[in-house]
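I have placed the structure first, in the form of structure tokens, so that the comments after it can refer back to it.
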Amino acid sequence: MDNELLIYNTLKRRKEIFKPIHEGRVGMYVCGPTVYGKAHLGHARSAITFDTLFRYLKYLGYKVRYVRNITDVGHLVNDADDGEDKIAKKARTEKLEPMEIVQEYTDYYHRCLEEMNVLPPGIEPRATGHIIEQIQTVQKILDSGYGYISNGSVYFDVKKYAGDHNYGELSGRKIEDLLSNTRELDGQQEKHSPLDFAIWKKASPEHIMHWPSPWSEGFPGWHLECTTMSCKYLSENFDIHGGGMDLIFPHHEAEIAQSVAAFGHQSVNYWMHNNMITLNGQKMGKSLGNAIALDEFFSGNHSLLEKAYSPMTIRYFMLTAHYRSTLDFSNQALQAAEKGLDRLLKAFKTLNKLKSSSSSGSAIDVKKLKSKCFDAMNDDMNTPIALSHLFEGVKIINSIADNKETISANDLEEMKSLFSTFIFDLFGLKIQEENKTDIKPYEDAVNLLLQLRLEAKQNKNWATSDKIRDELTKAGFDIKDNSDGFSWELKK
RNA sequence: GGUCGGUUGGCCGAGCGGUUAGGCAACGGUCUGCAAAACCGUGUACGGCAGUUCGAACCUGCCACCGACCUCCA
């Protein structure tokens, strides 16, 4: 395999060599969350998947403009709910301003992502901040003839579009199938066809989020924001558009149709979609009621969780599966991830303490290992494979530390660089540092006890030494003896 | 019902025609006053039935089961 990055393009249903539109630069747009509730594991997967891509593209030397939106208006709850806005609904039930809801859950989202070391995007536009631009897009679609006005709302004419273009290209759907499978739902009389979707929706009197427009006092349609904002910040043509697989239809399909209608051509070269997190084999989702919020993982405060899982454990867990595969949540899987991560990070610490030997050769072909790791990344970001190669390295690091193998000075340096690049720069993992100053007094107390134990041991007073160890263990410490005396940490 | 995807060892999860994926657990060993931890080593697998092939987890067909999307969704 060569050095080219292969990306699976949903639009083509195959891996393609990644070639940016402008040499050295990448424009990337990723669908962010609708901020009407706490972000859950699924949101984390999308964020981490594209964060990893962002990091890798930057590592490859690209200048990346990364745009990830916040949807704070425009997604309808469902047709049965009379087209009430998700944000507005939540606001009414909690008697808060819609923007308070938006702020709360946006902050929550940011906090969780930061804890998981997800880099912030370069631009994070909000739908409500781009009403004027969206109105302009609606007008363009009307001008092109693919939109129609009905009772103050503006709809996208899917049938007409499908006559001229390939509607369903991304999701592999055929318009006839869609038509035959569509249920007649209430409140759709305004539409010419059930397939049509709103690009501007007239607000009902009880609707509290609305803006003036040439057609009505209302709000922008469900899919319009991404078309509009990606165009605004990345232009009518950009490289990568990402999001969860559940967005392929209708959201991304609609985006394509809107772009073609508004600009005369598609905007996106590579469509990338991460797969779902499952719980007992079922998709985890807010509407399914089986979503576990991120802070619940961090605190362990959820009936399905046996313990707390650190943000880094969650991040690492995501990396153990390919982004296009479903990943099944379970306590066992998460605990395996926790231990695996621990082992990897410990090996990194060990690596930095290793001494090279000048006389004998190296137990390891670092160049080969390195190229295997990068081959995996270049193959549609295969992080589990890259990880498996890293663990080959771990084995060798440990053998060297055990004086069973040797490594040359050059190889040692390369190895350090390889591990640090992958663990920290590309995978975005970090070593959790405890705040030593806060715990100094009790740390001293524990050390004192263990010092007494060490003296007891030296006097072969096993009863006392074991008592101290057992009691501290009971109190929640992990005590380990080693050649330097002892070490301890709080039980995980 | 339509479209698409999946079914891998105790668990998670790669592989997509021949060579050990990897992690976790299990077992054996090293170390240790005893432990713990750490490290080293080892095993078990490709949903079923046919077919193609010198050779199939990987290709083809049929069957079974599961899921996603078809409605807001990461």
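Within each chain, counting starts at residue 1; across the structure tokens, chains are named A, B, ... in the order shown, with ligands numbered 1 upward in that order.
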Could you please tell me, as a PDB file with N, CA, C and O atoms, in the first residue's frame, which residues of chain A have an atom within 8 Å of chain B when using only C-alpha atoms (C1' of nucleotides)?
```pdb
ATOM      1  N   CYS A  31     -21.961  17.252  10.776  1.00  0.00           N
ATOM      2  CA  CYS A  31     -23.217  17.550  11.447  1.00  0.00           C
ATOM      3  C   CYS A  31     -23.071  17.386  12.950  1.00  0.00           C
ATOM      4  O   CYS A  31     -22.766  16.300  13.439  1.00  0.00           O
ATOM      5  N   GLY A  32     -23.283  18.457  13.654  1.00  0.00           N
ATOM      6  CA  GLY A  32     -23.225  18.421  15.114  1.00  0.00           C
ATOM      7  C   GLY A  32     -24.585  18.075  15.684  1.00  0.00           C
ATOM      8  O   GLY A  32     -25.475  17.628  14.965  1.00  0.00           O
ATOM      9  N   PRO A  33     -24.757  18.275  16.967  1.00  0.00           N
ATOM     10  CA  PRO A  33     -25.981  17.828  17.622  1.00  0.00           C
ATOM     11  C   PRO A  33     -27.116  18.850  17.537  1.00  0.00           C
ATOM     12  O   PRO A  33     -26.881  20.029  17.307  1.00  0.00           O
ATOM     13  N   GLY A  42     -23.505   8.211  21.439  1.00  0.00           N
ATOM     14  CA  GLY A  42     -23.565   8.315  19.984  1.00  0.00           C
ATOM     15  C   GLY A  42     -22.989   9.628  19.487  1.00  0.00           C
ATOM     16  O   GLY A  42     -22.260   9.657  18.498  1.00  0.00           O
ATOM     17  N   HIS A  43     -23.305  10.694  20.186  1.00  0.00           N
ATOM     18  CA  HIS A  43     -22.737  11.985  19.816  1.00  0.00           C
ATOM     19  C   HIS A  43     -21.223  11.948  19.975  1.00  0.00           C
ATOM     20  O   HIS A  43     -20.491  12.512  19.165  1.00  0.00           O
ATOM     21  N   ALA A  44     -20.799  11.262  21.023  1.00  0.00           N
ATOM     22  CA  ALA A  44     -19.361  11.166  21.263  1.00  0.00           C
ATOM     23  C   ALA A  44     -18.687  10.424  20.122  1.00  0.00           C
ATOM     24  O   ALA A  44     -17.593  10.785  19.694  1.00  0.00           O
ATOM     25  N   ARG A  45     -19.356   9.419  19.602  1.00  0.00           N
ATOM     26  CA  ARG A  45     -18.721   8.643  18.537  1.00  0.00           C
ATOM     27  C   ARG A  45     -18.487   9.509  17.308  1.00  0.00           C
ATOM     28  O   ARG A  45     -17.415   9.479  16.712  1.00  0.00           O
ATOM     29  N   SER A  46     -19.502  10.234  16.939  1.00  0.00           N
ATOM     30  CA  SER A  46     -19.364  11.101  15.776  1.00  0.00           C
ATOM     31  C   SER A  46     -18.262  12.136  16.007  1.00  0.00           C
ATOM     32  O   SER A  46     -17.405  12.345  15.159  1.00  0.00           O
ATOM     33  N   ALA A  47     -18.315  12.750  17.166  1.00  0.00           N
ATOM     34  CA  ALA A  47     -17.327  13.786  17.474  1.00  0.00           C
ATOM     35  C   ALA A  47     -15.909  13.221  17.454  1.00  0.00           C
ATOM     36  O   ALA A  47     -14.996  13.829  16.906  1.00  0.00           O
ATOM     37  N   HIS A  75     -35.567  21.524  13.679  1.00  0.00           N
ATOM     38  CA  HIS A  75     -35.939  20.118  13.574  1.00  0.00           C
ATOM     39  C   HIS A  75     -37.307  19.923  14.195  1.00  0.00           C
ATOM     40  O   HIS A  75     -37.499  20.144  15.375  1.00  0.00           O
ATOM     41  N   LEU A  76     -38.210  19.478  13.409  1.00  0.00           N
ATOM     42  CA  LEU A  76     -39.556  19.264  13.914  1.00  0.00           C
ATOM     43  C   LEU A  76     -39.599  18.030  14.785  1.00  0.00           C
ATOM     44  O   LEU A  76     -38.863  17.074  14.545  1.00  0.00           O
ATOM     45  N   VAL A  77     -40.412  18.045  15.786  1.00  0.00           N
ATOM     46  CA  VAL A  77     -40.506  16.902  16.694  1.00  0.00           C
ATOM     47  C   VAL A  77     -41.009  15.688  15.932  1.00  0.00           C
ATOM     48  O   VAL A  77     -40.340  14.698  15.809  1.00  0.00           O
ATOM     49  N   ASN A  78     -42.208  15.770  15.423  1.00  0.00           N
ATOM     50  CA  ASN A  78     -42.726  14.798  14.460  1.00  0.00           C
ATOM     51  C   ASN A  78     -44.069  15.321  13.976  1.00  0.00           C
ATOM     52  O   ASN A  78     -44.577  16.318  14.469  1.00  0.00           O
ATOM     53  N   ASP A  79     -44.611  14.637  13.024  1.00  0.00           N
ATOM     54  CA  ASP A  79     -45.821  15.170  12.418  1.00  0.00           C
ATOM     55  C   ASP A  79     -47.005  15.135  13.364  1.00  0.00           C
ATOM     56  O   ASP A  79     -47.883  15.967  13.314  1.00  0.00           O
ATOM     57  N   GLY A 172     -29.163   5.481  -1.800  1.00  0.00           N
ATOM     58  CA  GLY A 172     -29.488   4.303  -2.601  1.00  0.00           C
ATOM     59  C   GLY A 172     -30.979   4.052  -2.693  1.00  0.00           C
ATOM     60  O   GLY A 172     -31.421   2.920  -2.839  1.00  0.00           O
ATOM     61  N   ARG A 173     -31.740   5.110  -2.574  1.00  0.00           N
ATOM     62  CA  ARG A 173     -33.191   4.965  -2.611  1.00  0.00           C
ATOM     63  C   ARG A 173     -33.739   5.305  -3.990  1.00  0.00           C
ATOM     64  O   ARG A 173     -33.177   6.125  -4.706  1.00  0.00           O
ATOM     65  N   ASP A 177     -39.881   3.657  -4.909  1.00  0.00           N
ATOM     66  CA  ASP A 177     -39.979   2.923  -3.645  1.00  0.00           C
ATOM     67  C   ASP A 177     -40.395   3.845  -2.520  1.00  0.00           C
ATOM     68  O   ASP A 177     -41.208   3.503  -1.671  1.00  0.00           O
ATOM     69  N   LEU A 178     -39.802   5.022  -2.543  1.00  0.00           N
ATOM     70  CA  LEU A 178     -40.116   5.981  -1.494  1.00  0.00           C
ATOM     71  C   LEU A 178     -41.585   6.347  -1.541  1.00  0.00           C
ATOM     72  O   LEU A 178     -42.266   6.406  -0.520  1.00  0.00           O
ATOM     73  N   ASN A 181     -43.830   3.636  -0.311  1.00  0.00           N
ATOM     74  CA  ASN A 181     -43.699   3.309   1.105  1.00  0.00           C
ATOM     75  C   ASN A 181     -44.099   4.430   2.042  1.00  0.00           C
ATOM     76  O   ASN A 181     -44.038   4.287   3.246  1.00  0.00           O
ATOM     77  N   THR A 182     -44.455   5.548   1.456  1.00  0.00           N
ATOM     78  CA  THR A 182     -44.762   6.681   2.321  1.00  0.00           C
ATOM     79  C   THR A 182     -46.145   6.560   2.905  1.00  0.00           C
ATOM     80  O   THR A 182     -47.112   6.302   2.200  1.00  0.00           O
ATOM     81  N   GLY A 243     -20.968  12.822   9.276  1.00  0.00           N
ATOM     82  CA  GLY A 243     -22.104  12.745  10.191  1.00  0.00           C
ATOM     83  C   GLY A 243     -22.434  11.294  10.490  1.00  0.00           C
ATOM     84  O   GLY A 243     -21.775  10.384   9.983  1.00  0.00           O
ATOM     85  N   GLY A 244     -23.420  11.096  11.309  1.00  0.00           N
ATOM     86  CA  GLY A 244     -23.843   9.742  11.641  1.00  0.00           C
ATOM     87  C   GLY A 244     -24.599   9.107  10.488  1.00  0.00           C
ATOM     88  O   GLY A 244     -25.216   9.794   9.679  1.00  0.00           O
ATOM     89  N   MET A 245     -24.542   7.798  10.426  1.00  0.00           N
ATOM     90  CA  MET A 245     -25.214   7.077   9.336  1.00  0.00           C
ATOM     91  C   MET A 245     -26.723   7.320   9.309  1.00  0.00           C
ATOM     92  O   MET A 245     -27.352   7.229   8.262  1.00  0.00           O
ATOM     93  N   ASP A 246     -27.276   7.590  10.470  1.00  0.00           N
ATOM     94  CA  ASP A 246     -28.721   7.801  10.511  1.00  0.00           C
ATOM     95  C   ASP A 246     -29.126   9.110   9.833  1.00  0.00           C
ATOM     96  O   ASP A 246     -30.309   9.354   9.616  1.00  0.00           O
ATOM     97  N   LEU A 247     -28.143   9.908   9.471  1.00  0.00           N
ATOM     98  CA  LEU A 247     -28.459  11.169   8.806  1.00  0.00           C
ATOM     99  C   LEU A 247     -28.481  11.053   7.288  1.00  0.00           C
ATOM    100  O   LEU A 247     -28.865  11.988   6.591  1.00  0.00           O
ATOM    101  N   PHE A 249     -30.325   9.430   5.194  1.00  0.00           N
ATOM    102  CA  PHE A 249     -31.658   9.738   4.704  1.00  0.00           C
ATOM    103  C   PHE A 249     -32.562  10.110   5.864  1.00  0.00           C
ATOM    104  O   PHE A 249     -32.596   9.406   6.859  1.00  0.00           O
ATOM    105  N   ASN A 274     -20.252   7.805  10.159  1.00  0.00           N
ATOM    106  CA  ASN A 274     -19.910   6.864  11.235  1.00  0.00           C
ATOM    107  C   ASN A 274     -21.150   6.043  11.594  1.00  0.00           C
ATOM    108  O   ASN A 274     -22.273   6.520  11.484  1.00  0.00           O
ATOM    109  N   MET A 276     -23.481   3.456  14.171  1.00  0.00           N
ATOM    110  CA  MET A 276     -24.141   3.705  15.451  1.00  0.00           C
ATOM    111  C   MET A 276     -23.491   2.952  16.615  1.00  0.00           C
ATOM    112  O   MET A 276     -22.861   1.924  16.421  1.00  0.00           O
ATOM    113  N   GLY A 281     -27.564  -4.636  21.146  1.00  0.00           N
ATOM    114  CA  GLY A 281     -27.820  -4.840  19.731  1.00  0.00           C
ATOM    115  C   GLY A 281     -28.750  -3.824  19.103  1.00  0.00           C
ATOM    116  O   GLY A 281     -29.039  -3.893  17.916  1.00  0.00           O
ATOM    117  N   GLN A 282     -29.217  -2.864  19.891  1.00  0.00           N
ATOM    118  CA  GLN A 282     -30.132  -1.848  19.361  1.00  0.00           C
ATOM    119  C   GLN A 282     -29.459  -0.495  19.371  1.00  0.00           C
ATOM    120  O   GLN A 282     -28.716  -0.170  20.289  1.00  0.00           O
ATOM    121  N   GLY A 285     -30.282   5.758  21.167  1.00  0.00           N
ATOM    122  CA  GLY A 285     -30.820   7.015  20.677  1.00  0.00           C
ATOM    123  C   GLY A 285     -31.742   7.641  21.694  1.00  0.00           C
ATOM    124  O   GLY A 285     -32.366   6.946  22.499  1.00  0.00           O
ATOM    125  N   LYS A 286     -31.784   8.948  21.634  1.00  0.00           N
ATOM    126  CA  LYS A 286     -32.597   9.667  22.590  1.00  0.00           C
ATOM    127  C   LYS A 286     -34.074   9.273  22.455  1.00  0.00           C
ATOM    128  O   LYS A 286     -34.763   9.033  23.429  1.00  0.00           O
ATOM    129  N   SER A 287     -34.516   9.193  21.194  1.00  0.00           N
ATOM    130  CA  SER A 287     -35.933   8.905  20.992  1.00  0.00           C
ATOM    131  C   SER A 287     -36.271   7.468  21.367  1.00  0.00           C
ATOM    132  O   SER A 287     -37.423   7.138  21.620  1.00  0.00           O
ATOM    133  N   THR A 320     -11.293   1.422  19.302  1.00  0.00           N
ATOM    134  CA  THR A 320     -11.097  -0.022  19.171  1.00  0.00           C
ATOM    135  C   THR A 320     -11.977  -0.638  18.081  1.00  0.00           C
ATOM    136  O   THR A 320     -11.829  -1.808  17.769  1.00  0.00           O
ATOM    137  N   ALA A 321     -12.917   0.129  17.571  1.00  0.00           N
ATOM    138  CA  ALA A 321     -13.733  -0.370  16.464  1.00  0.00           C
ATOM    139  C   ALA A 321     -13.572   0.567  15.267  1.00  0.00           C
ATOM    140  O   ALA A 321     -13.299   1.754  15.428  1.00  0.00           O
ATOM    141  N   GLN A 332     -18.604  -4.897  30.114  1.00  0.00           N
ATOM    142  CA  GLN A 332     -17.437  -5.740  29.869  1.00  0.00           C
ATOM    143  C   GLN A 332     -16.522  -5.123  28.811  1.00  0.00           C
ATOM    144  O   GLN A 332     -15.303  -5.081  28.972  1.00  0.00           O
ATOM    145  N   ALA A 333     -17.134  -4.641  27.747  1.00  0.00           N
ATOM    146  CA  ALA A 333     -16.359  -4.052  26.660  1.00  0.00           C
ATOM    147  C   ALA A 333     -15.649  -2.794  27.139  1.00  0.00           C
ATOM    148  O   ALA A 333     -14.485  -2.546  26.800  1.00  0.00           O
ATOM    149  N   GLN A 335     -14.796  -2.076  30.205  1.00  0.00           N
ATOM    150  CA  GLN A 335     -13.737  -2.404  31.153  1.00  0.00           C
ATOM    151  C   GLN A 335     -12.523  -2.971  30.430  1.00  0.00           C
ATOM    152  O   GLN A 335     -11.380  -2.737  30.837  1.00  0.00           O
ATOM    153  N   ALA A 336     -12.774  -3.689  29.352  1.00  0.00           N
ATOM    154  CA  ALA A 336     -11.660  -4.175  28.534  1.00  0.00           C
ATOM    155  C   ALA A 336     -10.915  -2.993  27.931  1.00  0.00           C
ATOM    156  O   ALA A 336      -9.682  -2.969  27.889  1.00  0.00           O
ATOM    157  N   ALA A 337     -11.675  -2.007  27.488  1.00  0.00           N
ATOM    158  CA  ALA A 337     -11.065  -0.811  26.908  1.00  0.00           C
ATOM    159  C   ALA A 337     -10.236  -0.080  27.951  1.00  0.00           C
ATOM    160  O   ALA A 337      -9.113   0.356  27.689  1.00  0.00           O
ATOM    161  N   LYS A 339      -8.715  -1.241  30.533  1.00  0.00           N
ATOM    162  CA  LYS A 339      -7.464  -1.937  30.818  1.00  0.00           C
ATOM    163  C   LYS A 339      -6.496  -1.854  29.647  1.00  0.00           C
ATOM    164  O   LYS A 339      -5.287  -1.731  29.837  1.00  0.00           O
ATOM    165  N   GLY A 340      -7.043  -1.957  28.456  1.00  0.00           N
ATOM    166  CA  GLY A 340      -6.197  -1.866  27.270  1.00  0.00           C
ATOM    167  C   GLY A 340      -5.516  -0.513  27.198  1.00  0.00           C
ATOM    168  O   GLY A 340      -4.317  -0.411  26.931  1.00  0.00           O
ATOM    169  N   PRO A 384      -8.577   0.494  14.757  1.00  0.00           N
ATOM    170  CA  PRO A 384      -8.323  -0.752  15.489  1.00  0.00           C
ATOM    171  C   PRO A 384      -7.089  -1.483  14.990  1.00  0.00           C
ATOM    172  O   PRO A 384      -6.361  -2.087  15.789  1.00  0.00           O
ATOM    173  N   ILE A 385      -6.843  -1.416  13.695  1.00  0.00           N
ATOM    174  CA  ILE A 385      -5.644  -2.061  13.157  1.00  0.00           C
ATOM    175  C   ILE A 385      -4.396  -1.309  13.604  1.00  0.00           C
ATOM    176  O   ILE A 385      -3.412  -1.914  14.030  1.00  0.00           O
ATOM    177  N   LEU A 387      -4.042   0.361  16.201  1.00  0.00           N
ATOM    178  CA  LEU A 387      -3.903   0.044  17.619  1.00  0.00           C
ATOM    179  C   LEU A 387      -3.261  -1.326  17.814  1.00  0.00           C
ATOM    180  O   LEU A 387      -2.404  -1.514  18.673  1.00  0.00           O
ATOM    181  N   SER A 388      -3.681  -2.282  17.007  1.00  0.00           N
ATOM    182  CA  SER A 388      -3.133  -3.633  17.161  1.00  0.00           C
ATOM    183  C   SER A 388      -1.634  -3.637  16.874  1.00  0.00           C
ATOM    184  O   SER A 388      -0.874  -4.352  17.513  1.00  0.00           O
ATOM    185  N   HIS A 389      -1.209  -2.812  15.919  1.00  0.00           N
ATOM    186  CA  HIS A 389       0.229  -2.721  15.633  1.00  0.00           C
ATOM    187  C   HIS A 389       0.966  -2.032  16.773  1.00  0.00           C
ATOM    188  O   HIS A 389       2.087  -2.389  17.111  1.00  0.00           O
ATOM    189  N   PHE A 391       0.205  -2.298  19.769  1.00  0.00           N
ATOM    190  CA  PHE A 391       0.345  -3.297  20.839  1.00  0.00           C
ATOM    191  C   PHE A 391       1.467  -4.286  20.546  1.00  0.00           C
ATOM    192  O   PHE A 391       2.053  -4.843  21.476  1.00  0.00           O
ATOM    193  N   ASN A 398       8.062  -3.835  26.463  1.00  0.00           N
ATOM    194  CA  ASN A 398       8.128  -4.539  27.743  1.00  0.00           C
ATOM    195  C   ASN A 398       9.276  -5.539  27.801  1.00  0.00           C
ATOM    196  O   ASN A 398       9.882  -5.722  28.844  1.00  0.00           O
ATOM    197  N   SER A 399       9.523  -6.165  26.663  1.00  0.00           N
ATOM    198  CA  SER A 399      10.635  -7.120  26.632  1.00  0.00           C
ATOM    199  C   SER A 399      11.960  -6.410  26.834  1.00  0.00           C
ATOM    200  O   SER A 399      12.856  -6.912  27.519  1.00  0.00           O
ATOM    201  N   ASP A 402      12.450  -5.530  30.277  1.00  0.00           N
ATOM    202  CA  ASP A 402      12.759  -6.743  31.031  1.00  0.00           C
ATOM    203  C   ASP A 402      14.161  -7.262  30.737  1.00  0.00           C
ATOM    204  O   ASP A 402      14.520  -8.350  31.170  1.00  0.00           O
ATOM    205  N   LYS A 460      10.779  -8.288  59.389  1.00  0.00           N
ATOM    206  CA  LYS A 460      10.015  -9.520  59.152  1.00  0.00           C
ATOM    207  C   LYS A 460       8.800  -9.616  60.074  1.00  0.00           C
ATOM    208  O   LYS A 460       8.399 -10.699  60.499  1.00  0.00           O
ATOM    209  N   TRP A 462       5.604  -9.663  59.718  1.00  0.00           N
ATOM    210  CA  TRP A 462       4.600  -9.800  58.645  1.00  0.00           C
ATOM    211  C   TRP A 462       3.198  -9.456  59.134  1.00  0.00           C
ATOM    212  O   TRP A 462       2.384  -8.948  58.377  1.00  0.00           O
ATOM    213  N   ASP A 478      -4.793   0.926  46.391  1.00  0.00           N
ATOM    214  CA  ASP A 478      -4.086  -0.206  45.807  1.00  0.00           C
ATOM    215  C   ASP A 478      -2.634  -0.088  46.224  1.00  0.00           C
ATOM    216  O   ASP A 478      -1.947   0.874  45.867  1.00  0.00           O
ATOM    217  N   ILE A 479      -2.170  -1.073  46.980  1.00  0.00           N
ATOM    218  CA  ILE A 479      -0.795  -1.037  47.460  1.00  0.00           C
ATOM    219  C   ILE A 479       0.038  -2.021  46.652  1.00  0.00           C
ATOM    220  O   ILE A 479      -0.365  -3.166  46.455  1.00  0.00           O
ATOM    221  N   LYS A 480       1.171  -1.552  46.177  1.00  0.00           N
ATOM    222  CA  LYS A 480       2.058  -2.431  45.432  1.00  0.00           C
ATOM    223  C   LYS A 480       3.468  -2.333  45.986  1.00  0.00           C
ATOM    224  O   LYS A 480       3.979  -1.230  46.174  1.00  0.00           O
ATOM    225  N   ASP A 481       4.061  -3.476  46.219  1.00  0.00           N
ATOM    226  CA  ASP A 481       5.463  -3.498  46.632  1.00  0.00           C
ATOM    227  C   ASP A 481       6.323  -3.545  45.386  1.00  0.00           C
ATOM    228  O   ASP A 481       5.974  -4.188  44.411  1.00  0.00           O
TER     229      ASP A 481
END
```
Legend entry - All strand (DSSP E) positions in stretch 154-263 of chain A, as a PyMOL selection string: chain A and resi 154-156+197-202+218-220+238-244
With C-alpha atoms kept, could you save the residues just selected as a compact mmCIF listing (two decimals), in the first residue's frame?
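File produced: again_23.txt:
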```txt
# COMPACT_ATOMS: atom_id res chain seq x y z
CA VAL A 154 -41.95 26.78 1.25
CA TYR A 155 -41.43 23.17 0.23
CA PHE A 156 -38.87 21.41 -1.84
CA PHE A 197 -39.79 18.61 2.71
CA ALA A 198 -40.09 22.07 4.19
CA ILE A 199 -37.35 24.56 3.52
CA TRP A 200 -39.28 27.34 5.22
CA LYS A 201 -42.07 26.64 7.65
CA LYS A 202 -44.75 29.09 8.69
CA GLY A 218 -41.64 31.29 10.46
CA PHE A 219 -38.48 29.26 10.72
CA PRO A 220 -36.09 27.49 8.37
CA PHE A 238 -15.86 21.44 -0.41
CA ASP A 239 -14.11 18.22 0.38
CA ILE A 240 -15.63 16.25 3.23
CA HIS A 241 -19.05 16.14 4.79
CA GLY A 242 -19.43 13.88 7.81
CA GLY A 243 -22.10 12.74 10.19
CA GLY A 244 -23.84 9.74 11.64
```
Inset, instruction - Within 10 Å of A:Phe329, counting only C-alpha atoms (C1' of nucleotides), which residues show up once you throw out same-chain ones fewer than 5 positions away? Write them as number ranges by chain, please. - result: A: 41, 277-284, 317, 334; B: 12
Inset, instruction - Give me every alpha helix (DSSP H) residue in stretch 158-372 of chain A, going by DSSP on the backbone, as a VMD selection string. - result: chain A and resid 158 to 164 175 to 181 224 to 234 253 to 263 294 to 299 311 to 319 331 to 353 366 to 372
Quick one: residues within 9 Å of B:A57, only C-alpha atoms (C1' of nucleotides) counted, chain neighbours fewer than 4 positions away excluded, as a compact mmCIF listing (two decimals) with all heavy atoms, in the first residue's frame?
```
# COMPACT_ATOMS: atom_id res chain seq x y z
P U B 8 -20.73 -13.01 15.45
OP1 U B 8 -21.14 -13.69 16.69
OP2 U B 8 -20.58 -11.55 15.41
O5' U B 8 -19.36 -13.64 14.98
C5' U B 8 -19.27 -15.05 14.72
C4' U B 8 -17.84 -15.40 14.49
O4' U B 8 -17.29 -14.50 13.49
C3' U B 8 -16.92 -15.19 15.69
O3' U B 8 -16.95 -16.31 16.56
C2' U B 8 -15.57 -15.05 15.01
O2' U B 8 -15.06 -16.30 14.62
C1' U B 8 -15.92 -14.23 13.77
N1 U B 8 -15.74 -12.78 13.93
C2 U B 8 -14.44 -12.29 13.80
O2 U B 8 -13.48 -13.01 13.59
N3 U B 8 -14.32 -10.94 13.95
C4 U B 8 -15.33 -10.04 14.20
O4 U B 8 -15.06 -8.85 14.31
C5 U B 8 -16.64 -10.62 14.33
C6 U B 8 -16.79 -11.94 14.19
P G B 15 -11.40 -4.56 8.75
OP1 G B 15 -11.00 -3.37 8.00
OP2 G B 15 -12.83 -4.94 8.85
O5' G B 15 -10.60 -5.83 8.18
C5' G B 15 -9.18 -5.78 8.12
C4' G B 15 -8.66 -7.19 7.95
O4' G B 15 -9.08 -8.01 9.06
C3' G B 15 -9.19 -7.91 6.71
O3' G B 15 -8.26 -7.66 5.68
C2' G B 15 -9.17 -9.38 7.11
O2' G B 15 -7.93 -9.99 6.86
C1' G B 15 -9.38 -9.32 8.62
N9 G B 15 -10.72 -9.67 9.10
C8 G B 15 -11.75 -8.81 9.35
N7 G B 15 -12.81 -9.41 9.82
C5 G B 15 -12.45 -10.75 9.87
C6 G B 15 -13.20 -11.88 10.30
O6 G B 15 -14.35 -11.92 10.74
N1 G B 15 -12.46 -13.05 10.18
C2 G B 15 -11.17 -13.12 9.71
N2 G B 15 -10.62 -14.34 9.67
N3 G B 15 -10.46 -12.07 9.32
C4 G B 15 -11.16 -10.93 9.43
P C B 16 -8.62 -7.62 4.19
OP1 C B 16 -7.37 -7.70 3.44
OP2 C B 16 -9.54 -6.50 4.00
O5' C B 16 -9.40 -8.99 4.03
C5' C B 16 -9.04 -9.98 3.08
C4' C B 16 -10.30 -10.39 2.35
O4' C B 16 -11.36 -10.40 3.32
C3' C B 16 -10.72 -9.44 1.23
O3' C B 16 -10.66 -10.12 -0.02
C2' C B 16 -12.14 -9.00 1.54
O2' C B 16 -13.05 -9.42 0.56
C1' C B 16 -12.48 -9.68 2.87
N1 C B 16 -12.91 -8.74 3.95
C2 C B 16 -13.98 -9.14 4.76
O2 C B 16 -14.50 -10.23 4.56
N3 C B 16 -14.39 -8.32 5.75
C4 C B 16 -13.79 -7.14 5.94
N4 C B 16 -14.23 -6.37 6.92
C5 C B 16 -12.69 -6.71 5.11
C6 C B 16 -12.29 -7.55 4.12
P A B 45 -11.43 -23.88 17.18
OP1 A B 45 -12.32 -24.93 16.65
OP2 A B 45 -10.05 -23.75 16.68
O5' A B 45 -12.13 -22.47 16.99
C5' A B 45 -13.47 -22.27 17.45
C4' A B 45 -14.05 -21.10 16.74
O4' A B 45 -13.22 -19.94 16.95
C3' A B 45 -14.09 -21.22 15.22
O3' A B 45 -15.21 -22.00 14.85
C2' A B 45 -14.23 -19.75 14.81
O2' A B 45 -15.56 -19.30 14.93
C1' A B 45 -13.37 -19.05 15.86
N9 A B 45 -12.04 -18.67 15.37
C8 A B 45 -10.93 -19.44 15.18
N7 A B 45 -9.88 -18.79 14.75
C5 A B 45 -10.34 -17.49 14.64
C6 A B 45 -9.71 -16.30 14.22
N6 A B 45 -8.44 -16.24 13.84
N1 A B 45 -10.45 -15.18 14.22
C2 A B 45 -11.73 -15.26 14.61
N3 A B 45 -12.43 -16.30 15.03
C4 A B 45 -11.66 -17.40 15.01
P C B 46 -15.59 -22.20 13.36
OP1 C B 46 -16.05 -23.57 13.17
OP2 C B 46 -14.48 -21.67 12.48
O5' C B 46 -16.83 -21.21 13.28
C5' C B 46 -17.32 -20.63 12.06
C4' C B 46 -17.02 -19.15 12.10
O4' C B 46 -15.61 -18.94 12.22
C3' C B 46 -17.49 -18.38 10.88
O3' C B 46 -18.56 -17.58 11.38
C2' C B 46 -16.29 -17.55 10.45
O2' C B 46 -16.62 -16.20 10.37
C1' C B 46 -15.28 -17.74 11.55
N1 C B 46 -13.86 -17.78 11.23
C2 C B 46 -13.17 -16.55 11.10
O2 C B 46 -13.80 -15.50 11.20
N3 C B 46 -11.83 -16.58 10.87
C4 C B 46 -11.20 -17.72 10.79
N4 C B 46 -9.88 -17.69 10.59
C5 C B 46 -11.87 -18.97 10.90
C6 C B 46 -13.19 -18.94 11.12
```
